[in-house]
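Engineer: My structure is below; once you've seen it, I'll send some questions.
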Amino acid sequence: MSKSEEFVDSMHVLEYTMRHFYTRALLLTQINGKPEQIDANLKEAAAIAEMIVPYRHPRLKAITLAGDPNSQLRIRDDASADEIRAEIMKRLRILVSAGLIDLKALPVPDGGIANQSIPGVDPSGINGE
């Protein structure tokens, strides 16, 4: 394999070139070079740095929430188990009254948990009570 066929890392080339233009700008500044040349070298270094940055410093993505956190249908994060069950039962009643589901066709879970009453909730029409 000839020298010209060797693998060259593109990130290395970009970083090397960026340093080259940045170093030239610094040297021109030290010897009171022309401001236009200094600016041109800095702009070139910055343009290359812009290509490198996403690979050296990846951006943090915002967390995407499933659904609208401000929705009235959302159950509070600090709700107790009884409050969550009451909310679910309320929503089930809405689905039953709309004819979308038939709870009587569903089997009762082991332990009969579905048949327990909920304090402060009228169980009429739910699970045949």
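To be explicit about the labels: the chains of the structure tokens are called A, B, and onward in the order shown, and within each one the residues are counted from 1, while ligands get numbers from 1 in the order they are shown.
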Within 6 Å of stretch 36-44 of chain A, counting only C-alpha atoms, which residues show up once you throw out same-chain ones fewer than 4 positions away? Write them as a PyMOL selection string, please.
Structural biologist: chain A and resi 21-22+25
Engineer: When distances are computed from only C-alpha atoms, which of A:Ile75, A:Ile31, A:Arg85, A:Met11 shows the smallest separation from A:Pro54?
Structural biologist: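 Comparing A:Ile75, A:Ile31, A:Arg85, A:Met11 against A:Pro54, the winner is A:Met11.
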Engineer: Considering only C-alpha atoms, can you say which of A:Leu27, A:Leu100, A:Ile48, A:Met89 comes closest to A:Glu15?
Structural biologist: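 Among A:Leu27, A:Leu100, A:Ile48, A:Met89, it is A:Ile48 that comes nearest to A:Glu15.
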Engineer: Kindly give the distance, in Å, that separates atom CA of A:Glu6 and atom CA of A:Tyr55, rounded to a single decimal.
Structural biologist: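 Value for the atom CA of A:Glu6-atom CA of A:Tyr55 distance: 23.2 Å.
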Engineer: Report, in Å to a single decimal, how far apart atom CA of A:His20 and atom CA of A:Met51 are.
Structural biologist: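 Those two atoms sit 15.3 Å apart.
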Engineer: Give me, please, the distance in Å between atom CA of A:Arg19 and atom CA of A:Pro35, quoted to one decimal.
Structural biologist: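 Here the two named atoms are 18.7 Å from each other.
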Engineer: So which residues touch A:Leu14 within 8 Å, counting only C-alpha atoms, skipping near sequence neighbours fewer than 4 positions away, as an NGL selection string?
Structural biologist: :A and (10 or 18 or 48-49 or 52)
Engineer: Within 10 Å of A:Leu92, counting only C-alpha atoms, which residues qualify if same-chain residues fewer than 6 places away don't, as a VMD selection string?
Structural biologist: chain A and resid 86 98 100 to 103 126
Engineer: Take the residues from that selection and write them out as a compact mmCIF listing (two decimals), in the first residue's frame, keeping C-alpha atoms.
Structural biologist:
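part_23.txt, written as the output of this step:
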```txt
# COMPACT_ATOMS: atom_id res chain seq x y z
CA ALA A 86 -61.33 5.99 41.61
CA ALA A 98 -70.99 5.33 25.82
CA LEU A 100 -67.62 1.34 24.05
CA ILE A 101 -66.85 -1.50 26.47
CA ASP A 102 -68.87 -4.17 28.29
CA LEU A 103 -67.39 -4.80 31.73
CA ILE A 126 -69.52 -1.17 37.43
```
